[in-house]
Amino acid sequence: MKKVGRYNSSKKLLWQLVFLCLPLSVHMYFLLYTASAYYEVLNKQYILQSVYFATGVILACIFYSYRFRFLPAFLCLLVLFWLSDKFLDNFAPGEFDSFFLVLQFSLFTALFTIGWLCGWGFARIRVFPVILSIIILLAGLFLFAKTATPVYHNLLASYAPLLFFAFYIIYMGELVRNTSESWPNAWWRLSKHLIGFTALMLLLFLLIFTVLRSDFQQLEDMWGHKDEGDDPYSMMEMNKEDSTMQMKGKLPLQNRLNRGSGEGNSQNRPLFVAYLDNFFPNSKTPNPLYFVTDYFTKFDDYTETFEPDSLMPYDDLFRVNLTETPLYFTAIDTNVLNNGMSVAYRKIVDVEVYKIAASPKEFTAPTTAFFVQPIAVEKEMQGQYKSAYLAKSLISELNSAYFVYNISSKNYSMQRFQQQRFDVLRTISDRDYKELDTAFMNYYTQMPENPVYDTIAKLANYLTKNERTPIDKVLAIRDYFMSGNEEGKPLFKYSNTSGPVPAGSRLLHFLLNERRGYCAHFAGATLFLLRACGIPARLAIGYLIEDRSTKNPGWYWVYEKQSHAWVQVFFPEYGWLDFDTTVGDEEQREAGQADGTPPLDPRKAWFAGTGSIVRVDSFNNTLDFSMNKMAYHDTEYQFENEIKLELDMHVAKVYKDSIQIRLGNLQPGDKGMAISFAQAFADMPKATPKNLDSIIQAFPSPAPIDEFRISTGQKPENQKPETKPADERQSANNYVNLLIVGMALLFLLLILVLLTPWLIHRYYRKKALRVNDAQHDSFYSYRAAMYLLNQLGIQRHDLTPLQYARKEVDAKYETDFERFVLVYLKIKYANQTLSKSEKQIITYFYQPFETQLKSKFTRKQRISKFINIYNTLNYFTQSSKYGFTK
Amino acid sequence: MNATPDYLEYQPKPAVENTKHSTEQILADNSSIGQENAGSIKQLINNVETVIRGKHNEIKLVVTVLLAGGHILIEDNPGTGKTVMAKTLAQSIAGDGNNNSLLFRRIQFTPDLLPMDLIGSHVFDDNSKDFLFRKGPLFCNVLLADEINRASPKVQSALLESMAEHQITVSNTTYPLEKLFFIAATQNPIEMEGTYPLPAAQLDRFFMKINFGYTDADAEMDIYRNYQQIDKNVKIIHQVMNMETIFALQKSAEEVFVHEEILRAIYNIVNDTRQHPDITLGASARSGITFIRCLRAYALVVGRSFVIEDDVKSLAHAVLHHRLIFRNREARKMALDEIVNKEISRLSQLNLYA
C-alpha cells in the first residue's frame, strides 16, 4: 500500500485555511445570522451553526490536501451521517428531545456537508472561488430579497459584505494559488495584498454608495411604505390607530430582519378576504369579530396536549367540509344553534369569505356559525380568489374584536367601550354557573390532577381573591398578564418562538419564570387560571381580525400572521365570549400589508340544479336536463323522480374544472350543475313544500341559465395541509423528512451515476452473448471492449481502431485485441464469409481479454477508473471533437 | 497445409508471441488473396529492405504505387536512400525470362536538360540512309527522375505527358513506352534557387508524394554498423519477382473489395478539402479515383482483400497533400489531418449491420 501523497504543501494548506476557509466561515456566520432571523428552523443558534460549517470546511480542506479521491471519501461521509441518524433515531431519550436532536443533527449534517464541499473546492478546484462567489451572491440575493426592505443603508449593510467577499475570495484564491512556498516573504506578500485589496474595496464601495445615494433614496421612496391618509371618521378608528397601529412605520429595520412569523412560515401571505356584515349602531363603523376555525376543549393528561373534541357537551362547532358541498347548495347545522345556549343580545351576521391562500376545505367564521353556501368567484376575480362562500353566524352583540383587544390603559375610548360591556356581564354571578348543566360545567372547568396545576390554581386564587363576579375574575387574570413589575416594565413579553400550546411544567415555567411566549402560551395559561376559578373556558383557534381598511368598511384582509389562539369564556345567557390575554402582539394584528380592493358583490344565484344532460342542441342553444337536486331561493330540494327541464343556454358559460368550454363539447350523460342569476327566477315566489310542483311547472321554459359546470367526478381541489399551531412539530418533522428524502434521492442519484458505466458495459456484454451471428457478436464485443478500455482510461484519441489496438492496448497490456479488431474490420468492410478460425476468434475473444486487462490493474485503480463518469461522457462525446466550421 | 495457428486456440497465457504477429501474418492466412500474392509482395519488400533499412512504410508506399500503376514523387534531402531504393526495386524484378532485371534508368535533371535528352532523337543512319530514332532514357521500366524541379518546365511537361499518355510521339511516329513503366521522381526541398517548382496540375499526375525522412536512431545505428554488408547487398540483389507477377498483382489489386462506406468516406474527404476554409485548391475527382486505386493496391500490399479505415488514414496524406494548396502554414500542417480524422472517426463509429 502506497502512502497517500500530498496535494498541497502544508504551508499552502495553512494559507488556504487562513485566507480562504476562515473568511468563508466568518461570512457564513453573517449569512446564517441573517437567515436565522427568517428561518425558524435555524432557531437563532447561528454561532453554533457557523462552527458546524467551519468544521466542515477546515476538515475537508485538510483532508483533501492529501491526494484522496473526492467521491469515495464523500460517500463514506454520507454513510457515516446516515448511520448516526439511525443511531439517534433509535437511542435518543424521549420523544421531545429526540425531535430536537434529530433537527440539530440534520442542521449539522447539512451545514457540515456544505462546508465539506467548500473545503474540497478550495483544496482541489481552481475555479471554485468563482463558483462559490456566484452561489453566495445568489443566496444572498434570495435571502435579502425576502427579508429586507429596499432601503439604501439596509442594502449597503446586507449586500456589500457579500459583494466584498465574492471579490475577495476570487482574488485571494488565485493569490494563494500563485504564491510560491519557497519565497522568503510569502506571508508578508499575502498580508500586504490582503490589506491593499480591502482598502481598495472599501474605498470603491464608499464611492459607489455616496455617488448613488440619491438614487437609492428614490428607490426607497418608491418601494417603502407610505402611511395611508389617516383621516378617521369615527372615534373607534382613532382609538384603533392609537392602540394597535402605533408601531406602524416606526418599526426599526433590524427588527424586521429579526422578526420571524408566529407560525414558522416564511411568508406572510394573505389567506382570505372576508366581508362581515357587522357594524356598530351608527351603521358606519365596522365591528370586527375574531374568526374561529376550531376549539381545543379537551386536555389529555397523559400527553399534556390540547385536542379538538368531537364529543364536547353542547357542541357548537359548525363542522363542514366545503369541498363536499356543491356550489350554491347550502349546509346548515341546527344543532349548533340549539347548543348555543345564549339568548340575550343575539343576532345573525352574514359573512362572505374569499379565499386566497387558505385551504379550500377550511371553514372559518365568527362564533357561532351555522350556515354555509359555497359560491362561485366571478370570472374576473378567479385569478385572485380560489374559492368563496357565504356564511351566517349567530353572534352575541356583546362580542367584538374591540371588546377582546388587550388595550393599553391610555386608550380611554376603547376602555369605555369595553367597560360598558363588562358592566352588562357583571350581572352574572358565580351562582348562575351552578344552575348550568353539571356535565357542561365539569367538562369546561376540568383541571388535570397534578401539583403543577395546584400551583396554577393557587395563583388564580391569589389573583382573584378580591373579585366577586366572574367577569371581574376574568379581568383580574387579564390584568395580571398586562401588569408591570416593580420597575414599571411589562411583566409579560411577547415572543415569536412558536410551538404547541404549553402545559404542565412548561406552562408553569412560562407563568412564573420566563414570562415570554406567544399567543398559545397566553391562551393556555389563561385557560387554566380561569378553570381554576371555576369559570368555564375553552381554547379557540382561528384568526385575529383587525380593521385596517379605510375605504371598504366591513372588509377584512387576513394574513398568515393573523392566525391566533385565545380563550372563550362562557357566560350564562350570553354564551361564549372571546377573551384575548396575549400581550404586545401588535405585530400580529398589524400585518404590515395594505389591503386591496374587495371582490365584487357576488350575484345572487336564484336557481341551481344538479343532474345529467339528456340532449344537447347546440344549434338552438338549448339543453335537455334531467335534475335530481335543486337549490331555489337558497332552499334545497331533493327529488326522488328526476325532473326534466329545458335549459336556455344562449348566455350560459360552460365550465369544466374552471376552464370554459363550448356548448358543443357537452355530451349527453355528462353530470353537471346549471346555475341561473336570471331575474325571471328572482321574480318568482318562494317555494314551500306544498306548492313546489306548481312552481317548477311555472319555471320559464326554456329556463335561462347563466353558468353550467361539468362535474368531473373526483374532488377537484388538491388539499393543502392546514397550518395550525399544533401542527408545529408536524411541520418541523416534515422538514426533517424532506431533508432525509432529499438526501436519499441524492444518494440514489449518485449510486445511479456510479452504476451507469457498469450498466452500459453490461448492456454490451449481454447483447454480445445473446446474439447468435458472428457479425453482431463481433460488433457488441467490440463495443464492450472499447468501452471497457475507455473506462480504464486508455484513450483512443485520433487513432484508428486498429492502430489503437496495436499501439495502445496490445503493446501495453499484452492482450490480443488487434487480432479481434482485424476480424471485426473484415466483417465490417468486406463482403466475405468468415472462416471457421475467424469465427472462433470472435467467440473466444472477450473473456480472456477482460481477464488479461484486469490483471494489469490493481483493484483500486480498476474500480476508481471504471466508475469515473467523465470517461463515459468523453466516450460518447468524442465525435464532436472534429467538427470544423465551413 | 498449416496446423491450426496457435493464436486460434484460446489460452490466457500472456500473448507475448501473439504480439509478434504482424497484421500481414494474421491476414495472410485469412484473406482470399492467395498466399503467394501476399508472399511475393512480402518477398519484394524484404528484398528491398536488405538494402534500405528502417524504411518499411515508405517502401510499402512505393510498392503500392507500383501496383496501382502510377508514379511517385519523393521529396527529401540528399542521402536518404531514394536512388538506392528505386534501383533495388528495379533489380528485384525480372524483366524477362533471361534473368535480366527490369530496365532501370536514372536521369539527373538540370536546367539545361532538353526534352530530346529524355525522349531520344533521330539520328542519321549511314547504312539505311535514313533517320533512325534513338530511344532516350524514357524507354525503360523504372525511371528515377532525380531533382525533377531543377529541369525547365519544358522538360518537366514532356516527362509528365509521357507519364500520362504512356507513349511518346516524335515527329509523326508514336512510340509506346514499356508496358511496365514506373517513374520515381525526386525533388529537393532545400536549395530552392534556380528551380522550377512543379505546378499543381502536374503534381496531380503523381499518385503519391512521400517524404523519405531520416531513419530512427536504431535503424541508423544498424546502418552504420553494417554498411559494408549493405553495400555488398546492393550488388547482389536477387530477383524475387518477374514482370508477369507484377501485372498479375496489378490485376488482383483492382479486385480488392471497397465498401460503399469507404467510397463515401473518400468522397467526404475529397469534398471537405474543397469546402475547407483554409484550403484554396481542393482535390479533384481524379485524385479521388487515384486514392481508391492506391487504397486497393495498399490493401493488397499489407495482405488484405478489403480496404479498412486504417488504409485511408495511412494513405490520405501521401495521396492528397501535394494536390492541395493551403492558405497558410498552419493549415498546411493541420487541415488535411483534421478532415481525415473526422472521417476516420465517423467510420470507426459506424454500425454497418447491427
# chains A, B, ... in the order shown; residues from 1 in each chain; ligands from 1
>>> interface_residues(of="chain A", to="chain B", cutoff="6 Å", atoms="only C-alpha atoms", output="PyMOL selection string")
chain A and resi 776+814-815+829-830+848+882
>>> atom_distance(atom1="atom CA of Ile190 of chain B", atom2="atom CA of Ala145 of chain B")
17.1 Å
>>> residues_around(residues="segment 119-133 of chain B", least_positions_apart="4", cutoff="10 Å", atoms="only C-alpha atoms", output="PyMOL selection string")
chain B and resi 114-115+137-139+155+158-159+162+168-171+173+175
>>> write_last_selection(atoms="N, CA and C atoms", output="mmCIF file, in the first residue's frame")
data_model
loop_
_atom_site.group_PDB
_atom_site.id
_atom_site.type_symbol
_atom_site.label_atom_id
_atom_site.label_comp_id
_atom_site.auth_asym_id
_atom_site.auth_seq_id
_atom_site.Cartn_x
_atom_site.Cartn_y
_atom_site.Cartn_z
ATOM 1 N N LEU B 114 17.307 19.006 -72.145
ATOM 2 C CA LEU B 114 16.309 19.251 -73.173
ATOM 3 C C LEU B 114 15.380 18.053 -73.258
ATOM 4 N N PRO B 115 14.187 18.252 -73.754
ATOM 5 C CA PRO B 115 13.259 17.137 -73.840
ATOM 6 C C PRO B 115 13.840 15.969 -74.626
ATOM 7 N N PRO B 137 16.310 7.798 -72.535
ATOM 8 C CA PRO B 137 16.233 7.033 -71.279
ATOM 9 C C PRO B 137 14.809 6.771 -70.814
ATOM 10 N N LEU B 138 13.868 7.429 -71.423
ATOM 11 C CA LEU B 138 12.478 7.235 -71.005
ATOM 12 C C LEU B 138 11.984 5.832 -71.328
ATOM 13 N N PHE B 139 12.625 5.232 -72.313
ATOM 14 C CA PHE B 139 12.176 3.892 -72.690
ATOM 15 C C PHE B 139 12.814 2.871 -71.766
ATOM 16 N N VAL B 155 10.950 20.457 -70.110
ATOM 17 C CA VAL B 155 11.326 19.066 -69.877
ATOM 18 C C VAL B 155 10.333 18.397 -68.932
ATOM 19 N N ALA B 158 7.241 17.457 -70.716
ATOM 20 C CA ALA B 158 7.462 16.312 -71.585
ATOM 21 C C ALA B 158 7.407 15.019 -70.798
ATOM 22 N N LEU B 159 8.037 15.045 -69.674
ATOM 23 C CA LEU B 159 8.062 13.858 -68.820
ATOM 24 C C LEU B 159 6.662 13.511 -68.352
ATOM 25 N N SER B 162 4.417 12.110 -70.979
ATOM 26 C CA SER B 162 4.699 10.702 -71.256
ATOM 27 C C SER B 162 4.122 9.812 -70.165
ATOM 28 N N ILE B 168 5.065 8.082 -76.563
ATOM 29 C CA ILE B 168 5.794 9.278 -76.957
ATOM 30 C C ILE B 168 5.643 9.454 -78.455
ATOM 31 N N THR B 169 5.352 10.648 -78.832
ATOM 32 C CA THR B 169 5.239 10.917 -80.270
ATOM 33 C C THR B 169 6.387 11.831 -80.693
ATOM 34 N N VAL B 170 7.177 11.342 -81.611
ATOM 35 C CA VAL B 170 8.255 12.158 -82.131
ATOM 36 C C VAL B 170 8.003 12.283 -83.631
ATOM 37 N N SER B 171 8.038 13.510 -84.109
ATOM 38 C CA SER B 171 7.642 13.787 -85.488
ATOM 39 C C SER B 171 6.278 13.188 -85.721
ATOM 40 N N THR B 173 5.777 9.795 -85.702
ATOM 41 C CA THR B 173 5.721 8.423 -85.236
ATOM 42 C C THR B 173 5.417 8.383 -83.754
ATOM 43 N N TYR B 175 5.675 6.224 -80.400
ATOM 44 C CA TYR B 175 6.369 5.080 -79.824
ATOM 45 C C TYR B 175 5.744 4.755 -78.481
#
>>> atom_distance(atom1="atom CA of Asn628 of chain A", atom2="atom CA of Lys644 of chain A")
9.1 Å
>>> residues_around(residues="segment 65-82 of chain B", least_positions_apart="6", cutoff="7 Å", atoms="only C-alpha atoms", output="mmCIF file with C-alpha atoms, in the first residue's frame")
data_model
loop_
_atom_site.group_PDB
_atom_site.id
_atom_site.type_symbol
_atom_site.label_atom_id
_atom_site.label_comp_id
_atom_site.auth_asym_id
_atom_site.auth_seq_id
_atom_site.Cartn_x
_atom_site.Cartn_y
_atom_site.Cartn_z
ATOM 1 C CA ILE B 52 17.205 0.169 -47.349
ATOM 2 C CA PHE B 182 7.224 3.408 -63.278
ATOM 3 C CA ILE B 183 8.722 6.782 -62.534
ATOM 4 C CA ALA B 184 10.115 7.673 -59.152
ATOM 5 C CA ALA B 185 10.778 11.402 -59.280
ATOM 6 C CA THR B 186 12.630 13.123 -56.508
ATOM 7 C CA GLN B 187 12.881 16.699 -55.524
ATOM 8 C CA ASN B 188 14.956 18.516 -53.040
ATOM 9 C CA PRO B 189 13.116 20.712 -50.606
ATOM 10 C CA PHE B 206 1.824 11.794 -59.349
ATOM 11 C CA PHE B 207 -0.153 9.223 -57.421
ATOM 12 C CA MET B 208 1.707 9.997 -54.245
ATOM 13 C CA LYS B 209 4.251 12.339 -52.879
ATOM 14 C CA ILE B 210 6.158 10.921 -49.962
ATOM 15 C CA ASN B 211 8.874 12.140 -47.667
ATOM 16 C CA PHE B 212 11.614 9.689 -47.079
ATOM 17 C CA GLY B 213 12.741 11.250 -43.884
ATOM 18 C CA TYR B 214 15.562 10.182 -41.691
ATOM 19 C CA ILE B 246 3.612 -7.529 -61.273
ATOM 20 C CA LEU B 249 -0.719 -8.297 -58.859
ATOM 21 C CA GLN B 250 -1.920 -5.137 -60.535
ATOM 22 C CA ARG B 293 -6.661 2.774 -56.715
ATOM 23 C CA CYS B 294 -3.951 3.348 -54.157
ATOM 24 C CA ALA B 297 -3.126 -1.650 -54.011
#
>>> residues_around(residues="Met85 of chain B", least_positions_apart="5", cutoff="9 Å", atoms="only C-alpha atoms", output="VMD selection string")
chain B and resid 48 to 49 51 to 52 59 90
>>> residues_around(residues="Asp85 of chain A", least_positions_apart="2", cutoff="12 Å", atoms="only C-alpha atoms", output="ChimeraX atom specification")
/A:78-83,87-92,98-99,101-109,736-737,739-740,743
>>> write_last_selection(atoms="N, CA and C atoms", output="short mmCIF file (atom, residue, chain, number, x, y, z; two decimals), in the first residue's frame")
data_model
loop_
_atom_site.label_atom_id
_atom_site.label_comp_id
_atom_site.auth_asym_id
_atom_site.auth_seq_id
_atom_site.Cartn_x
_atom_site.Cartn_y
_atom_site.Cartn_z
N LEU A 78 -21.23 10.42 3.84
CA LEU A 78 -22.69 10.31 3.79
C LEU A 78 -23.16 9.09 4.55
N VAL A 79 -22.47 8.00 4.34
CA VAL A 79 -22.84 6.77 5.04
C VAL A 79 -22.74 6.98 6.54
N LEU A 80 -21.69 7.67 6.96
CA LEU A 80 -21.49 7.96 8.38
C LEU A 80 -22.66 8.77 8.93
N PHE A 81 -23.06 9.76 8.17
CA PHE A 81 -24.20 10.58 8.60
C PHE A 81 -25.45 9.74 8.71
N TRP A 82 -25.62 8.91 7.73
CA TRP A 82 -26.83 8.10 7.71
C TRP A 82 -26.88 7.19 8.94
N LEU A 83 -25.73 6.58 9.23
CA LEU A 83 -25.66 5.68 10.38
C LEU A 83 -25.94 6.45 11.66
N PHE A 87 -28.80 5.90 14.45
CA PHE A 87 -28.46 5.72 15.85
C PHE A 87 -29.25 6.70 16.70
N LEU A 88 -29.28 7.95 16.27
CA LEU A 88 -30.00 8.97 17.02
C LEU A 88 -31.47 8.62 17.12
N ASP A 89 -32.02 8.20 16.00
CA ASP A 89 -33.44 7.85 15.98
C ASP A 89 -33.76 6.78 16.99
N ASN A 90 -32.87 5.81 17.10
CA ASN A 90 -33.16 4.65 17.94
C ASN A 90 -32.86 4.88 19.40
N PHE A 91 -31.85 5.68 19.68
CA PHE A 91 -31.36 5.73 21.06
C PHE A 91 -31.59 7.04 21.77
N ALA A 92 -32.10 8.04 21.07
CA ALA A 92 -32.30 9.32 21.75
C ALA A 92 -33.39 9.19 22.79
N SER A 98 -35.65 13.81 21.30
CA SER A 98 -35.22 13.16 20.07
C SER A 98 -35.51 14.05 18.89
N PHE A 99 -36.64 14.70 18.94
CA PHE A 99 -37.00 15.59 17.84
C PHE A 99 -35.96 16.69 17.69
N LEU A 101 -32.95 16.73 18.86
CA LEU A 101 -31.64 16.16 18.50
C LEU A 101 -31.57 15.91 17.00
N VAL A 102 -32.66 15.32 16.49
CA VAL A 102 -32.67 15.00 15.06
C VAL A 102 -32.60 16.27 14.24
N LEU A 103 -33.33 17.26 14.70
CA LEU A 103 -33.33 18.54 13.99
C LEU A 103 -31.93 19.13 14.00
N GLN A 104 -31.35 19.13 15.19
CA GLN A 104 -30.00 19.67 15.34
C GLN A 104 -29.03 18.91 14.45
N PHE A 105 -29.22 17.60 14.45
CA PHE A 105 -28.31 16.76 13.67
C PHE A 105 -28.48 17.01 12.17
N SER A 106 -29.72 17.18 11.76
CA SER A 106 -29.93 17.44 10.33
C SER A 106 -29.25 18.74 9.94
N LEU A 107 -29.40 19.74 10.83
CA LEU A 107 -28.75 21.02 10.57
C LEU A 107 -27.25 20.83 10.47
N PHE A 108 -26.73 20.10 11.43
CA PHE A 108 -25.29 19.85 11.45
C PHE A 108 -24.88 19.16 10.16
N THR A 109 -25.65 18.14 9.78
CA THR A 109 -25.32 17.39 8.57
C THR A 109 -25.28 18.31 7.37
N VAL A 736 -37.60 17.66 8.38
CA VAL A 736 -36.56 16.64 8.54
C VAL A 736 -36.78 15.52 7.55
N ASN A 737 -38.06 15.13 7.42
CA ASN A 737 -38.36 14.07 6.45
C ASN A 737 -37.92 14.47 5.05
N LEU A 739 -35.69 16.56 4.27
CA LEU A 739 -34.23 16.56 4.20
C LEU A 739 -33.73 15.14 3.97
N ILE A 740 -34.30 14.21 4.74
CA ILE A 740 -33.85 12.82 4.62
C ILE A 740 -34.20 12.28 3.26
N MET A 743 -31.88 13.78 0.77
CA MET A 743 -30.57 13.14 0.87
C MET A 743 -30.61 11.77 0.20
#
>>> select_by_dssp(residues="segment 49-254 of chain B", states="strand (DSSP E or B)", output="ChimeraX atom specification")
/B:72-75,93-94,101,104-108,120-125,130-135,142-146,167-170,173-176,182-187,208-211,241-242
>>> write_last_selection(atoms="N, CA and C atoms", output="compact mmCIF listing (two decimals), in the first residue's frame")
# COMPACT_ATOMS: atom_id res chain seq x y z
N ILE B 72 5.47 8.01 -58.59
CA ILE B 72 5.60 8.56 -57.26
C ILE B 72 6.60 9.70 -57.24
N LEU B 73 6.33 10.67 -56.39
CA LEU B 73 7.26 11.78 -56.22
C LEU B 73 7.80 11.71 -54.82
N ILE B 74 9.12 11.62 -54.75
CA ILE B 74 9.74 11.51 -53.43
C ILE B 74 10.44 12.83 -53.14
N GLU B 75 10.05 13.42 -52.04
CA GLU B 75 10.67 14.69 -51.71
C GLU B 75 11.53 14.51 -50.48
N ILE B 93 13.09 -7.20 -59.71
CA ILE B 93 12.06 -7.72 -60.60
C ILE B 93 12.71 -8.17 -61.90
N ALA B 94 12.39 -9.37 -62.28
CA ALA B 94 12.97 -9.91 -63.51
C ALA B 94 12.23 -9.33 -64.71
N SER B 101 17.19 -8.17 -65.18
CA SER B 101 16.25 -7.43 -64.35
C SER B 101 15.60 -6.35 -65.19
N PHE B 104 16.40 -0.22 -65.70
CA PHE B 104 16.40 0.88 -64.75
C PHE B 104 17.22 2.03 -65.31
N ARG B 105 16.66 3.22 -65.35
CA ARG B 105 17.39 4.39 -65.82
C ARG B 105 17.29 5.48 -64.79
N ARG B 106 18.36 6.24 -64.78
CA ARG B 106 18.34 7.36 -63.86
C ARG B 106 18.73 8.60 -64.62
N ILE B 107 17.94 9.66 -64.49
CA ILE B 107 18.29 10.92 -65.14
C ILE B 107 18.44 11.98 -64.07
N GLN B 108 19.56 12.65 -64.11
CA GLN B 108 19.74 13.78 -63.21
C GLN B 108 19.24 15.01 -63.94
N GLY B 120 14.71 10.97 -76.60
CA GLY B 120 15.56 10.38 -77.64
C GLY B 120 15.51 11.25 -78.89
N SER B 121 16.30 10.93 -79.88
CA SER B 121 16.32 11.80 -81.05
C SER B 121 16.56 10.98 -82.33
N HIS B 122 16.26 11.65 -83.42
CA HIS B 122 16.51 10.99 -84.69
C HIS B 122 17.97 11.15 -85.07
N VAL B 123 18.54 10.05 -85.44
CA VAL B 123 19.96 10.08 -85.82
C VAL B 123 20.06 9.58 -87.27
N PHE B 124 20.90 10.21 -88.05
CA PHE B 124 21.02 9.76 -89.44
C PHE B 124 21.84 8.48 -89.50
N ASP B 125 21.24 7.50 -90.12
CA ASP B 125 21.94 6.21 -90.23
C ASP B 125 22.56 6.12 -91.62
N ASP B 130 18.80 6.85 -93.75
CA ASP B 130 17.52 7.31 -93.20
C ASP B 130 17.75 7.75 -91.75
N PHE B 131 16.77 8.53 -91.24
CA PHE B 131 16.86 8.89 -89.83
C PHE B 131 16.33 7.77 -88.97
N LEU B 132 17.14 7.40 -88.06
CA LEU B 132 16.69 6.37 -87.14
C LEU B 132 16.33 7.03 -85.80
N PHE B 133 15.36 6.50 -85.17
CA PHE B 133 15.01 7.03 -83.85
C PHE B 133 15.82 6.32 -82.78
N ARG B 134 16.60 7.09 -82.09
CA ARG B 134 17.38 6.54 -80.99
C ARG B 134 16.61 6.81 -79.70
N LYS B 135 16.16 5.76 -79.06
CA LYS B 135 15.30 5.92 -77.88
C LYS B 135 16.06 6.56 -76.73
N VAL B 142 11.84 1.22 -65.06
CA VAL B 142 11.84 2.04 -63.84
C VAL B 142 12.74 3.23 -64.09
N LEU B 143 12.17 4.42 -63.97
CA LEU B 143 12.94 5.63 -64.22
C LEU B 143 13.06 6.43 -62.94
N LEU B 144 14.29 6.75 -62.60
CA LEU B 144 14.49 7.62 -61.44
C LEU B 144 14.79 9.01 -61.97
N ALA B 145 13.80 9.92 -61.79
CA ALA B 145 13.98 11.30 -62.27
C ALA B 145 14.46 12.13 -61.11
N ASP B 146 15.78 12.30 -61.04
CA ASP B 146 16.36 12.95 -59.87
C ASP B 146 16.21 14.46 -59.97
N GLN B 167 2.93 6.97 -73.89
CA GLN B 167 3.53 6.83 -75.21
C GLN B 167 4.20 8.14 -75.57
N ILE B 168 5.06 8.08 -76.56
CA ILE B 168 5.79 9.28 -76.96
C ILE B 168 5.64 9.45 -78.46
N THR B 169 5.35 10.65 -78.83
CA THR B 169 5.24 10.92 -80.27
C THR B 169 6.39 11.83 -80.69
N VAL B 170 7.18 11.34 -81.61
CA VAL B 170 8.25 12.16 -82.13
C VAL B 170 8.00 12.28 -83.63
N THR B 173 5.78 9.79 -85.70
CA THR B 173 5.72 8.42 -85.24
C THR B 173 5.42 8.38 -83.75
N THR B 174 4.59 7.46 -83.38
CA THR B 174 4.26 7.28 -81.98
C THR B 174 4.93 6.03 -81.47
N TYR B 175 5.67 6.22 -80.40
CA TYR B 175 6.37 5.08 -79.82
C TYR B 175 5.74 4.76 -78.48
N PRO B 176 5.24 3.54 -78.32
CA PRO B 176 4.70 3.20 -76.99
C PRO B 176 5.84 3.00 -75.99
N PHE B 182 7.42 2.87 -64.63
CA PHE B 182 7.22 3.41 -63.28
C PHE B 182 8.26 4.49 -63.04
N ILE B 183 7.79 5.68 -62.78
CA ILE B 183 8.72 6.78 -62.53
C ILE B 183 8.75 7.10 -61.06
N ALA B 184 9.95 7.14 -60.51
CA ALA B 184 10.12 7.67 -59.15
C ALA B 184 10.86 8.98 -59.30
N ALA B 185 10.14 10.09 -59.16
CA ALA B 185 10.78 11.40 -59.28
C ALA B 185 11.16 11.89 -57.90
N THR B 186 12.26 12.58 -57.82
CA THR B 186 12.63 13.12 -56.51
C THR B 186 12.75 14.62 -56.64
N GLN B 187 12.53 15.28 -55.54
CA GLN B 187 12.88 16.70 -55.52
C GLN B 187 13.42 17.08 -54.16
N MET B 208 1.37 9.68 -55.64
CA MET B 208 1.71 10.00 -54.24
C MET B 208 2.91 10.88 -54.22
N LYS B 209 3.00 11.67 -53.18
CA LYS B 209 4.25 12.34 -52.88
C LYS B 209 4.62 11.93 -51.47
N ILE B 210 5.79 11.36 -51.31
CA ILE B 210 6.16 10.92 -49.96
C ILE B 210 7.45 11.59 -49.53
N ASN B 211 7.61 11.66 -48.23
CA ASN B 211 8.87 12.14 -47.67
C ASN B 211 9.62 10.93 -47.15
N MET B 241 10.89 -11.63 -58.33
CA MET B 241 9.58 -11.49 -58.95
C MET B 241 9.82 -11.20 -60.41
N ASN B 242 8.88 -11.59 -61.28
CA ASN B 242 9.03 -11.14 -62.65
C ASN B 242 7.91 -10.20 -63.04
>>> closest_residue(among="A:Gly517, A:Pro700, A:Gly672, A:Pro360", to="Ile613 of chain A", atoms="only C-alpha atoms")
A:Gly672
